[in-house]
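Novice: Before I ask anything, here is the structure I am working with.
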Amino acid sequence: MGHGHGGSSDFFHEDEVLGKAYDSVLTRRLIAYLRPYRGRTILSFALLLFLSATQIAPPIIAKFIIDSAITPAVSGEVAPDVAGGRLAALGLLYLAMLTAAAGLRYWQSLLSTWIGQRAMYDLRLELFRHLEHLSLAFFDRNPVGRLMTRITNDIDALIDMVQRGVVAIFGDVFMLVGVSATMLVLDWRLALVTFASLPLIIGLTAYFRGMMRDSFRSIRIRLARVNAFLNEDLSGVSIVQLFTREEKALRSFDALNVDLLRANQGAVKAQSVFQPTVNFTRAGTSAALFIAGAYWILGGQMTIGTLLAFWQLVEQFFRPILDLSEKYNIMQAAMASSERVFRLLDTGSTILDPAHPVRLAHVRGKITLENVSFAYNEGDWVLRDVDFTIAAGESVAIVGATGAGKTSIISLISRFYDVQKGRILLDGVDLRDMAQHDVRRHVGVVLQDPFIFAGTVASNIRLSDPAISDEQVRASARFVNADKFINKLPDGYDTLVTERGSTMSVGQKQLLAFARAIAFNPEIMLVLDEATSSVDTETEHLIQDALRKLMVGRTSIIIAHRLSTIQNVDRIIVLHKGRLVEMGSHRELLAERGVYHRLYELQYRAHEVVG
Amino acid sequence: MTSARATFLHYLGRHKLKLLSGMFAVGCGSFVAVIPPRLIGAIVDELNQGAAFDAVLRLALLMIVLSAFENVIRGFGRYHVIDTSRQVEYAIRGDLLAHLQRMHLAYFQHQRIGDLMARLTNDLTAVRQMAGFGILMLTSTSLVLVFTIASMLTVSVKLTVLSLLLMPLTSISFWIIGRRVSTRFEQLQAKFGDLSTKAQENFSGIRVVKAFSQEDAEITSFANVNGEYVERALDLARMNGLIWPAMAFILGLAVLVTLYVGGQDAIAHQLTIGQLIQFVAYLYLLSWPMIALGEVTNLFQQGWASLGRLQELFDAEPAIADPVDAVRAPIRGDVEFRGVSFAYGRTIVLRDVSFRVPAGGSLAIVGPTGAGKSTLVNLIPRLFDPQQGEVLIDGVPVSRYPLRHLRRAVGYVPQETFLFSVPLRHNIGFGTEGELTDSQLDWAGDVSQLNKDVLDFPARYDTMIGERGVTLSGGQKQRTAIARAVAKDPRVLILDDALSAVDTYTEAEILRRLRGVMRERTSIVVAHRISTVKDADVILVLDDGRIAERGDHRELLERNGLYAQMYRRQLLEEELQVDEEQQEHEKRVRTNDVPDERATRRAGYLPTDESTGEL
């Protein structure tokens, strides 16, 4: 009853996992995904290195253009045509560097995209594979939306990190080292003048990084709160309106909203101070270079070209520092995402295959429940001490009121869950001693709400089993009376159906689910067939007939609401509140005049009269 | 209906002064930014002429002063513009919530919460970025562009024309690449959609997947979509990756052309070296606006589209609103339906329903699932309006009362309990004017039989509910919802199947207390259990939207129709339950376990004499 607490608000709450910008454990785990692409990763770093070189070269070439071509020509030291020749040669070199830089940049970006996409392809697939093998209990607990976020957005944040974050950071490091080294070689005195600004820059960066970290953190928390509130308020909007709570809700919301605004303003303020401060430091450094350079140039110890090269190199020296916050954001988002993804990967399945599963060469289909007790949630028993045996080929109906535990029996025989007490045997072997795959291959299940996958009618019958031929698909559909309506569809078996099968009626979906179950030709058939509304009489007739046919020649357990079905089975098991209260044939149970008799009188007979 | 543009200007207009002063400051900063290249050129020329060190020093110090001025006003401008965008974001968010809260319930059934949330988060972010960085960069880049080109012209018309010839080249190549990038981006988004759909379908249909052992096949098919997604991403990267290298190349080319052609001019003494360097410095100034221009276009395109989506929300009008000529008479609680019919779209839910409950009376509604019971009671507090007929309270159509006035008078316990992630106390006091007093709380807790449970909670009534607090059982949730409705002290109390998760004994206790509370109030109870409804003055049996039977318990049993049938079936179930619980009880007594007082009492409560008579 009632979900409350606003649907997916937990999804926002979980997003409050903040993450640091760097976490060594997570990073090491992430790096493991790059290992298969070691070669390309190394190549990518080599390209970054060359790229840095081609970016540092142009200011140096420009220096020579000024110093050895233009200046001597202007002062008349060399002839204009000689200077022109040098100018042309240096110009060509400059062009070569530009071209190389463009090529390297493009290659490098493709390569890093490739690595990021491939590595995260692996992680995404690993995550999906992991989820596929988790037990149903896990899916009961975790809303689909949350799992979706992990497999889509969280992985994308990691791709972003590999593609942009890591590359940018290493690129920056290479540039800083390269530029520093070049400066030292070019003129160590001016290099020292430039480096004099370093303590200031490091101090500034450290100061603002701390501020940024705190403000990002507080913004994220507040944003999560604002969104959780919005989500909850809109999900429960009818309650808000019925209890005339609109204004109070707005006031509470405003408090959160203002809180977020203040946090954002703090970050804006920090950013508005940081960028201009770094910019000013850069301009100040440039000015200092000009002053010091002028002093040495006038003293004849330096050329103008060298000074101008420094003026350009300083730009490259400062650039990485300016977009620091963007990189910080990428890294932080990625760390938070990887934490969530890894946490999911670390969730173990509660239903495991044994190390040495028993394989049945030939399944006959005898099912035994030995003193089975089962609860979805600890202590909340759904089945209590249920004990019965169904012989191979026998058909059994389970009846009882809603909540009696009928559906759970079907889930247990398919081993969707494990029993807490007692055991379930298939041909005398405990289900837990067999591989899940082996159990389910022999057990066909028709569920209450037949799930239709996006695809064609045929693909919904065959699912992804290539062993089932087109002819078998058709034969199965014919067998369960589904071919009639399928043939009437525009493209017959190739008709496209949408997710949840909105194009088909409930009855048609049920027939399709029958066909699906029969196509796999299981030794044991489990059918959940509780009352469904709105099935027209003709389809109802087809369903009844198909149900009868499903049971022929195989062990079948049917949770039935139709009298016709119950009259056709060999035996009836009456469950009430998780206990087996009566068992026997329709006739025997009626003669007993017990629970079944009364249920029959009221439920089934009444249903037959009405329906 | 206002246009998206008008809405945008309206919100920006609230911070007109701040925004304009910010833009002005950024403009001034852009102007000042154009001066240093001139100083650098002057320094170079001074140095070439072997001037005094003092002259150079003066120019360099001027550079520092100008840079200080530029950065201070830029920081100021930036702060004001970006801060405005945050204020706009804040205001739109609050106004949207206020607006949405006024919308009628049918709107929310139509518009999924997920979609609304996407607009309130992603679209709002896009609008904020347009209002912030968008305006900031537009102002800054366009002005820098204008000032720089003007300055370039003062140095050399030839060089300006030559280097600017490359600009159209950039624009054209960007236009071409940009179009392909956006097609490929859309393809990537589509693949992302496929990937999500695949995952979602798999997770939703996990039972079937497992039942038919399709895990491996599903993994293969997911791997395919995943692989296609990677292919699309690489396709995009092949095009997108061109932009930045091409940009850097063209800018570099402009510098090279300047150095080469300008160098020749310098050799020919048509240009000083200082002027040449000054020109190169202008090109560096231009590089940023050229890069930013593409981004600005992007921000405005996305922001504008998002603004349109937000405007759609603002444009939606609540279908249920306060009347013009409102009746404000105090509500006593005489509820009447006159020929009411209601349909959701084309599905008819209620057909010509008429009945009347006098103030202080009690009405119960039973019937199979889908008979229209919930819809019927939803019409009283106007969660929906009927298409035909009238719902009246005290002889006045409910649509004539102001909504607040009407809903104040109605206490409603919905079928699906929705509680908020706030302390229990605030959940119960949700509908009360002021803070709930302890005695009121105690009273509501007693009527709803919540008091006992609360004793076990860590902070009693101050315990947090939900994800980050106590998880309530279904019954506790329902009882909290009852307490919440009772605490309002309503004239009309509606329970929509609100006792389904409460055990029969507690139900009886609640009903007994409610009868006391409701002596002078009207109660309307929807239920499946006969035990809940049998004492009502009038019971309506609803079937397929029509009133199939009406009368009190005894009359309906005598009719021997739907109601009587339901009654017999439930007696059987209850009887089975008693057997069950007696067994359980006896077992516990035998094993010397804690005796379950509740089961004993419940066994005693049930009308066993009647049941034997019926069976």
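FYI, nothing fancy with the structure tokens labels: chains A, B, ... in order, residues from 1 per chain, ligands from 1 as they appear.
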Give me the residues near segment 435-448 of chain A as number ranges by chain, where near means some atom within 9 Å (using only C-alpha atoms) and where sequence neighbours in that chain fewer than 2 positions away do not count.

Specialist: A: 351-354, 356-360, 363, 365, 410, 413-416, 426, 431-433, 450-451, 510, 513-514, 516-518, 520-530, 532; B: 207-208, 210-213

Novice: Can you check which residues of segment 367-592 of chain B DSSP gives as alpha helix (DSSP H) on the backbone and send them as a PyMOL selection string?

Specialist: chain B and resi 373-378+403-409+424-428+438-447+451-454+474-487+504-517+530-533+553-559+562-590

Novice: Per residue of chain B within 6 Å of chain A, which atom pair is closest and at what distance in Å (one decimal), using only C-alpha atoms, listed by chain and increasing number, as CSV?

Specialist:
```
residue,atom,partner,partner_atom,distance
B:Leu57,CA,A:Ile291,CA,5.8
B:Ala60,CA,A:Ala287,CA,5.2
B:Ile64,CA,A:Gly284,CA,5.7
B:Asn71,CA,A:Pro276,CA,4.9
B:Gly75,CA,A:Ser272,CA,4.9
B:Tyr79,CA,A:Ser272,CA,5.5
B:Ala211,CA,A:Arg440,CA,5.9
B:Ser213,CA,A:His437,CA,5.8
B:Glu215,CA,A:Glu132,CA,5.9
B:Ala217,CA,A:Ser464,CA,5.7
B:Val230,CA,A:Gln117,CA,5.9
B:Gly241,CA,A:Tyr106,CA,5.8
B:Pro245,CA,A:Ala102,CA,4.6
B:Phe249,CA,A:Leu98,CA,5.8
B:Ile267,CA,A:Val74,CA,5.2
B:Arg404,CA,A:Thr244,CA,5.9
B:Arg407,CA,A:Leu242,CA,5.6
B:Glu416,CA,A:Gly2,CA,4.1
B:Thr417,CA,A:Gly2,CA,4.6
B:Phe418,CA,A:Gly4,CA,4.0
B:Leu419,CA,A:Gly4,CA,5.1
B:Phe420,CA,A:His5,CA,5.3
B:Ser421,CA,A:His5,CA,5.9
B:Gly431,CA,A:Phe243,CA,4.5
B:Gly466,CA,A:His5,CA,5.8
B:Gly474,CA,A:Met1,CA,5.9
B:Arg569,CA,A:Leu602,CA,5.9
```

Novice: Dump N, CA and C atoms for the selected residues as a PDB file, in the first residue's frame?

Specialist:
```
ATOM      1  N   LEU B  57      60.113  51.581 -18.054  1.00  0.00           N
ATOM      2  CA  LEU B  57      59.565  51.303 -16.723  1.00  0.00           C
ATOM      3  C   LEU B  57      58.190  51.952 -16.571  1.00  0.00           C
ATOM      4  N   ALA B  60      55.632  49.978 -18.511  1.00  0.00           N
ATOM      5  CA  ALA B  60      55.341  48.696 -17.857  1.00  0.00           C
ATOM      6  C   ALA B  60      54.467  48.901 -16.624  1.00  0.00           C
ATOM      7  N   ILE B  64      50.616  47.535 -15.621  1.00  0.00           N
ATOM      8  CA  ILE B  64      50.151  46.911 -14.371  1.00  0.00           C
ATOM      9  C   ILE B  64      48.903  47.611 -13.846  1.00  0.00           C
ATOM     10  N   ASN B  71      40.993  44.045 -14.417  1.00  0.00           N
ATOM     11  CA  ASN B  71      40.573  42.835 -13.712  1.00  0.00           C
ATOM     12  C   ASN B  71      39.600  43.119 -12.584  1.00  0.00           C
ATOM     13  N   GLY B  75      35.996  41.517 -12.840  1.00  0.00           N
ATOM     14  CA  GLY B  75      35.530  40.680 -11.725  1.00  0.00           C
ATOM     15  C   GLY B  75      34.202  41.191 -11.205  1.00  0.00           C
ATOM     16  N   TYR B  79      30.772  39.142 -11.613  1.00  0.00           N
ATOM     17  CA  TYR B  79      29.990  38.792 -10.432  1.00  0.00           C
ATOM     18  C   TYR B  79      28.541  39.245 -10.586  1.00  0.00           C
ATOM     19  N   ALA B 211      13.410 -16.289 -15.803  1.00  0.00           N
ATOM     20  CA  ALA B 211      12.596 -17.491 -15.926  1.00  0.00           C
ATOM     21  C   ALA B 211      12.964 -18.277 -17.184  1.00  0.00           C
ATOM     22  N   SER B 213      15.925 -18.098 -18.638  1.00  0.00           N
ATOM     23  CA  SER B 213      17.385 -18.173 -18.706  1.00  0.00           C
ATOM     24  C   SER B 213      17.944 -17.355 -19.862  1.00  0.00           C
ATOM     25  N   GLU B 215      19.618 -14.563 -19.636  1.00  0.00           N
ATOM     26  CA  GLU B 215      20.629 -13.600 -19.205  1.00  0.00           C
ATOM     27  C   GLU B 215      21.737 -13.429 -20.236  1.00  0.00           C
ATOM     28  N   ALA B 217      21.796 -14.131 -23.433  1.00  0.00           N
ATOM     29  CA  ALA B 217      21.314 -13.504 -24.665  1.00  0.00           C
ATOM     30  C   ALA B 217      21.128 -12.009 -24.449  1.00  0.00           C
ATOM     31  N   VAL B 230      29.271   3.206 -28.594  1.00  0.00           N
ATOM     32  CA  VAL B 230      30.686   3.575 -28.681  1.00  0.00           C
ATOM     33  C   VAL B 230      31.011   4.034 -30.099  1.00  0.00           C
ATOM     34  N   GLY B 241      36.224  16.479 -32.925  1.00  0.00           N
ATOM     35  CA  GLY B 241      37.650  16.627 -32.643  1.00  0.00           C
ATOM     36  C   GLY B 241      38.343  17.563 -33.611  1.00  0.00           C
ATOM     37  N   PRO B 245      41.488  21.700 -33.015  1.00  0.00           N
ATOM     38  CA  PRO B 245      42.733  21.806 -33.797  1.00  0.00           C
ATOM     39  C   PRO B 245      42.610  22.803 -34.955  1.00  0.00           C
ATOM     40  N   PHE B 249      44.749  26.118 -35.442  1.00  0.00           N
ATOM     41  CA  PHE B 249      45.527  26.226 -36.678  1.00  0.00           C
ATOM     42  C   PHE B 249      45.264  27.566 -37.364  1.00  0.00           C
ATOM     43  N   ILE B 267      60.822  45.184 -42.705  1.00  0.00           N
ATOM     44  CA  ILE B 267      62.104  45.242 -43.414  1.00  0.00           C
ATOM     45  C   ILE B 267      62.088  46.412 -44.403  1.00  0.00           C
ATOM     46  N   ARG B 404      -9.490  26.798  -0.862  1.00  0.00           N
ATOM     47  CA  ARG B 404      -8.921  26.673   0.489  1.00  0.00           C
ATOM     48  C   ARG B 404     -10.027  26.409   1.506  1.00  0.00           C
ATOM     49  N   ARG B 407     -11.424  22.852   1.037  1.00  0.00           N
ATOM     50  CA  ARG B 407     -10.508  21.772   1.413  1.00  0.00           C
ATOM     51  C   ARG B 407     -10.173  21.802   2.892  1.00  0.00           C
ATOM     52  N   GLU B 416      -3.745   5.608  -1.521  1.00  0.00           N
ATOM     53  CA  GLU B 416      -2.297   5.451  -1.517  1.00  0.00           C
ATOM     54  C   GLU B 416      -1.748   6.448  -0.516  1.00  0.00           C
ATOM     55  N   THR B 417      -1.200   5.928   0.569  1.00  0.00           N
ATOM     56  CA  THR B 417      -0.710   6.846   1.585  1.00  0.00           C
ATOM     57  C   THR B 417       0.540   7.546   1.092  1.00  0.00           C
ATOM     58  N   PHE B 418       0.528   8.836   1.156  1.00  0.00           N
ATOM     59  CA  PHE B 418       1.734   9.583   0.810  1.00  0.00           C
ATOM     60  C   PHE B 418       2.150  10.401   2.019  1.00  0.00           C
ATOM     61  N   LEU B 419       3.309  10.077   2.557  1.00  0.00           N
ATOM     62  CA  LEU B 419       3.814  10.856   3.683  1.00  0.00           C
ATOM     63  C   LEU B 419       5.060  11.596   3.219  1.00  0.00           C
ATOM     64  N   PHE B 420       5.405  12.648   3.931  1.00  0.00           N
ATOM     65  CA  PHE B 420       6.546  13.464   3.534  1.00  0.00           C
ATOM     66  C   PHE B 420       7.743  13.150   4.426  1.00  0.00           C
ATOM     67  N   SER B 421       8.918  13.413   3.898  1.00  0.00           N
ATOM     68  CA  SER B 421      10.142  13.135   4.646  1.00  0.00           C
ATOM     69  C   SER B 421      10.392  14.216   5.691  1.00  0.00           C
ATOM     70  N   GLY B 431      -2.061  19.584   7.834  1.00  0.00           N
ATOM     71  CA  GLY B 431      -3.146  20.433   7.356  1.00  0.00           C
ATOM     72  C   GLY B 431      -3.608  21.470   8.361  1.00  0.00           C
ATOM     73  N   GLY B 466      10.667   8.210   6.575  1.00  0.00           N
ATOM     74  CA  GLY B 466      11.142   8.034   5.200  1.00  0.00           C
ATOM     75  C   GLY B 466      12.574   7.567   5.106  1.00  0.00           C
ATOM     76  N   GLY B 474       2.907  -0.597   6.340  1.00  0.00           N
ATOM     77  CA  GLY B 474       1.742  -0.122   5.604  1.00  0.00           C
ATOM     78  C   GLY B 474       0.645   0.363   6.543  1.00  0.00           C
ATOM     79  N   ARG B 569     -18.739 -13.947   1.445  1.00  0.00           N
ATOM     80  CA  ARG B 569     -17.362 -14.302   1.110  1.00  0.00           C
ATOM     81  C   ARG B 569     -16.402 -13.821   2.204  1.00  0.00           C
TER      82      ARG B 569
END
```

Novice: Would you mind telling me which residue in B:Gln111, B:Pro168, B:Val525, B:Tyr229 lies nearest to Asp194 of chain B when using only C-alpha atoms?

Specialist: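 The answer is B:Tyr229, which sits nearest to Asp194 of chain B.
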
Novice: Ranking B:Ile206, B:Leu285, B:Ala91, B:Val398 by minimum distance to Ala137 of chain A and counting only C-alpha atoms, which one comes first?

Specialist: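 Nearest to Ala137 of chain A: B:Ile206.
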
Novice: Got a sec: who's within 9 Å of segment 535-550 of chain B, counting only C-alpha atoms, leaving out chain neighbours fewer than 3 positions off, as a PyMOL selection string?

Specialist: chain B and resi 341-342+348-355+357+361-373+376+523-525+531-532+553+555-556+559+561-563

Novice: For the selection you just gave me, I'd like the residues written to a file as a PDB file, in the first residue's frame, keeping C-alpha atoms.

Specialist:
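File written: out-v5.pdb
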```pdb
ATOM      1  CA  SER B 341     -21.179  11.597 -14.317  1.00  0.00           C
ATOM      2  CA  PHE B 342     -17.429  11.538 -14.732  1.00  0.00           C
ATOM      3  CA  ILE B 348     -16.631   6.619 -18.248  1.00  0.00           C
ATOM      4  CA  VAL B 349     -16.107   6.083 -14.550  1.00  0.00           C
ATOM      5  CA  LEU B 350     -19.265   7.414 -12.915  1.00  0.00           C
ATOM      6  CA  ARG B 351     -22.723   7.345 -14.440  1.00  0.00           C
ATOM      7  CA  ASP B 352     -25.518   9.492 -13.121  1.00  0.00           C
ATOM      8  CA  VAL B 353     -24.728   9.135  -9.436  1.00  0.00           C
ATOM      9  CA  SER B 354     -27.110  10.820  -6.982  1.00  0.00           C
ATOM     10  CA  PHE B 355     -27.230  10.613  -3.206  1.00  0.00           C
ATOM     11  CA  VAL B 357     -25.655  12.549   3.256  1.00  0.00           C
ATOM     12  CA  GLY B 361     -24.451  11.435   8.741  1.00  0.00           C
ATOM     13  CA  SER B 362     -22.305   8.566   7.637  1.00  0.00           C
ATOM     14  CA  LEU B 363     -22.049   7.042   4.214  1.00  0.00           C
ATOM     15  CA  ALA B 364     -20.140   3.981   3.112  1.00  0.00           C
ATOM     16  CA  ILE B 365     -19.247   2.995  -0.417  1.00  0.00           C
ATOM     17  CA  VAL B 366     -18.361  -0.531  -1.462  1.00  0.00           C
ATOM     18  CA  GLY B 367     -17.923  -2.232  -4.792  1.00  0.00           C
ATOM     19  CA  PRO B 368     -15.409  -4.102  -6.908  1.00  0.00           C
ATOM     20  CA  THR B 369     -12.088  -2.624  -7.996  1.00  0.00           C
ATOM     21  CA  GLY B 370     -12.582  -0.122 -10.771  1.00  0.00           C
ATOM     22  CA  ALA B 371     -16.185   0.612  -9.859  1.00  0.00           C
ATOM     23  CA  GLY B 372     -15.429   4.321  -9.446  1.00  0.00           C
ATOM     24  CA  LYS B 373     -15.344   4.573  -5.652  1.00  0.00           C
ATOM     25  CA  LEU B 376     -16.515   9.549  -6.467  1.00  0.00           C
ATOM     26  CA  SER B 523     -18.128  10.710   7.267  1.00  0.00           C
ATOM     27  CA  ILE B 524     -17.740   9.036   3.922  1.00  0.00           C
ATOM     28  CA  VAL B 525     -15.924   5.723   3.964  1.00  0.00           C
ATOM     29  CA  SER B 531     -16.654  -4.829   8.969  1.00  0.00           C
ATOM     30  CA  THR B 532     -15.620  -1.280   8.073  1.00  0.00           C
ATOM     31  CA  HIS B 553     -26.477  -3.179   6.316  1.00  0.00           C
ATOM     32  CA  GLU B 555     -31.587  -3.888   4.201  1.00  0.00           C
ATOM     33  CA  LEU B 556     -28.804  -4.820   1.851  1.00  0.00           C
ATOM     34  CA  ARG B 559     -31.869  -7.830  -0.772  1.00  0.00           C
ATOM     35  CA  GLY B 561     -27.608  -8.988  -4.062  1.00  0.00           C
ATOM     36  CA  LEU B 562     -23.980  -7.975  -4.600  1.00  0.00           C
ATOM     37  CA  TYR B 563     -23.562  -6.746  -1.065  1.00  0.00           C
TER      38      TYR B 563
END
```

Novice: May I have the residues within 7 Å of segment 176-190 of chain B as a list in words, using only C-alpha atoms and disregarding those fewer than 3 positions away in the same chain?

Specialist: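 Counting only C-alpha atoms, the residues come to Ile172, Ser173, Gly193, Asp194, Tyr229, Arg232, Ala233, Asp235, Leu236, Met239 and Asn240 of chain B.
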
Novice: Just the strand (DSSP E) stuff from segment 272-481 of chain A, please, per backbone DSSP, written as a PyMOL selection string.

Specialist: chain A and resi 367-375+381-390+395-399+421-426+429-430+443-446+455-456

Novice: Write the residues of the preceding selection, restricted to C-alpha atoms, as an mmCIF file, in the first residue's frame.

Specialist:
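Final output, out16.cif:
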```cif
data_model
loop_
_atom_site.group_PDB
_atom_site.id
_atom_site.type_symbol
_atom_site.label_atom_id
_atom_site.label_comp_id
_atom_site.auth_asym_id
_atom_site.auth_seq_id
_atom_site.Cartn_x
_atom_site.Cartn_y
_atom_site.Cartn_z
ATOM 1 C CA ILE A 367 8.609 -31.720 -7.536
ATOM 2 C CA THR A 368 8.832 -32.007 -3.780
ATOM 3 C CA LEU A 369 8.457 -29.272 -1.209
ATOM 4 C CA GLU A 370 9.799 -30.450 2.129
ATOM 5 C CA ASN A 371 8.673 -28.390 5.095
ATOM 6 C CA VAL A 372 9.252 -25.181 3.195
ATOM 7 C CA SER A 373 9.063 -21.861 5.003
ATOM 8 C CA PHE A 374 9.773 -18.653 3.171
ATOM 9 C CA ALA A 375 9.773 -14.917 3.836
ATOM 10 C CA TRP A 381 6.543 -15.526 6.775
ATOM 11 C CA VAL A 382 4.771 -15.942 3.494
ATOM 12 C CA LEU A 383 4.927 -19.730 3.447
ATOM 13 C CA ARG A 384 4.948 -21.789 6.602
ATOM 14 C CA ASP A 385 5.990 -25.392 6.716
ATOM 15 C CA VAL A 386 4.529 -26.304 3.342
ATOM 16 C CA ASP A 387 5.016 -29.947 2.446
ATOM 17 C CA PHE A 388 3.818 -31.746 -0.691
ATOM 18 C CA THR A 389 5.002 -33.803 -3.638
ATOM 19 C CA ILE A 390 3.856 -33.535 -7.219
ATOM 20 C CA SER A 395 -1.203 -31.409 -12.841
ATOM 21 C CA VAL A 396 -1.951 -29.468 -9.711
ATOM 22 C CA ALA A 397 -3.894 -26.292 -9.009
ATOM 23 C CA ILE A 398 -3.092 -24.073 -6.083
ATOM 24 C CA VAL A 399 -6.019 -22.105 -4.750
ATOM 25 C CA LYS A 421 13.620 -23.468 5.930
ATOM 26 C CA GLY A 422 13.103 -26.882 4.375
ATOM 27 C CA ARG A 423 13.998 -27.628 0.769
ATOM 28 C CA ILE A 424 12.617 -27.952 -2.716
ATOM 29 C CA LEU A 425 13.565 -30.975 -4.796
ATOM 30 C CA LEU A 426 13.399 -31.571 -8.509
ATOM 31 C CA VAL A 429 17.698 -33.156 -6.160
ATOM 32 C CA ASP A 430 17.743 -29.976 -4.070
ATOM 33 C CA VAL A 443 10.698 -24.990 -15.846
ATOM 34 C CA GLY A 444 8.381 -22.882 -17.974
ATOM 35 C CA VAL A 445 6.669 -19.917 -16.345
ATOM 36 C CA VAL A 446 3.671 -17.926 -17.448
ATOM 37 C CA GLY A 455 10.690 -6.343 -30.943
ATOM 38 C CA THR A 456 8.503 -8.519 -33.125
#
```

Novice: Between atom CA of Ile42 of chain A and atom CA of Leu322 of chain A, measure the distance and give it in Å to one decimal.

Specialist: 26.9 Å

Novice: From the options A:Arg38, A:Arg478, A:Arg220, A:Arg225, which residue's atoms come nearest to Asn329 of chain A, counting only C-alpha atoms?

Specialist: A:Arg220
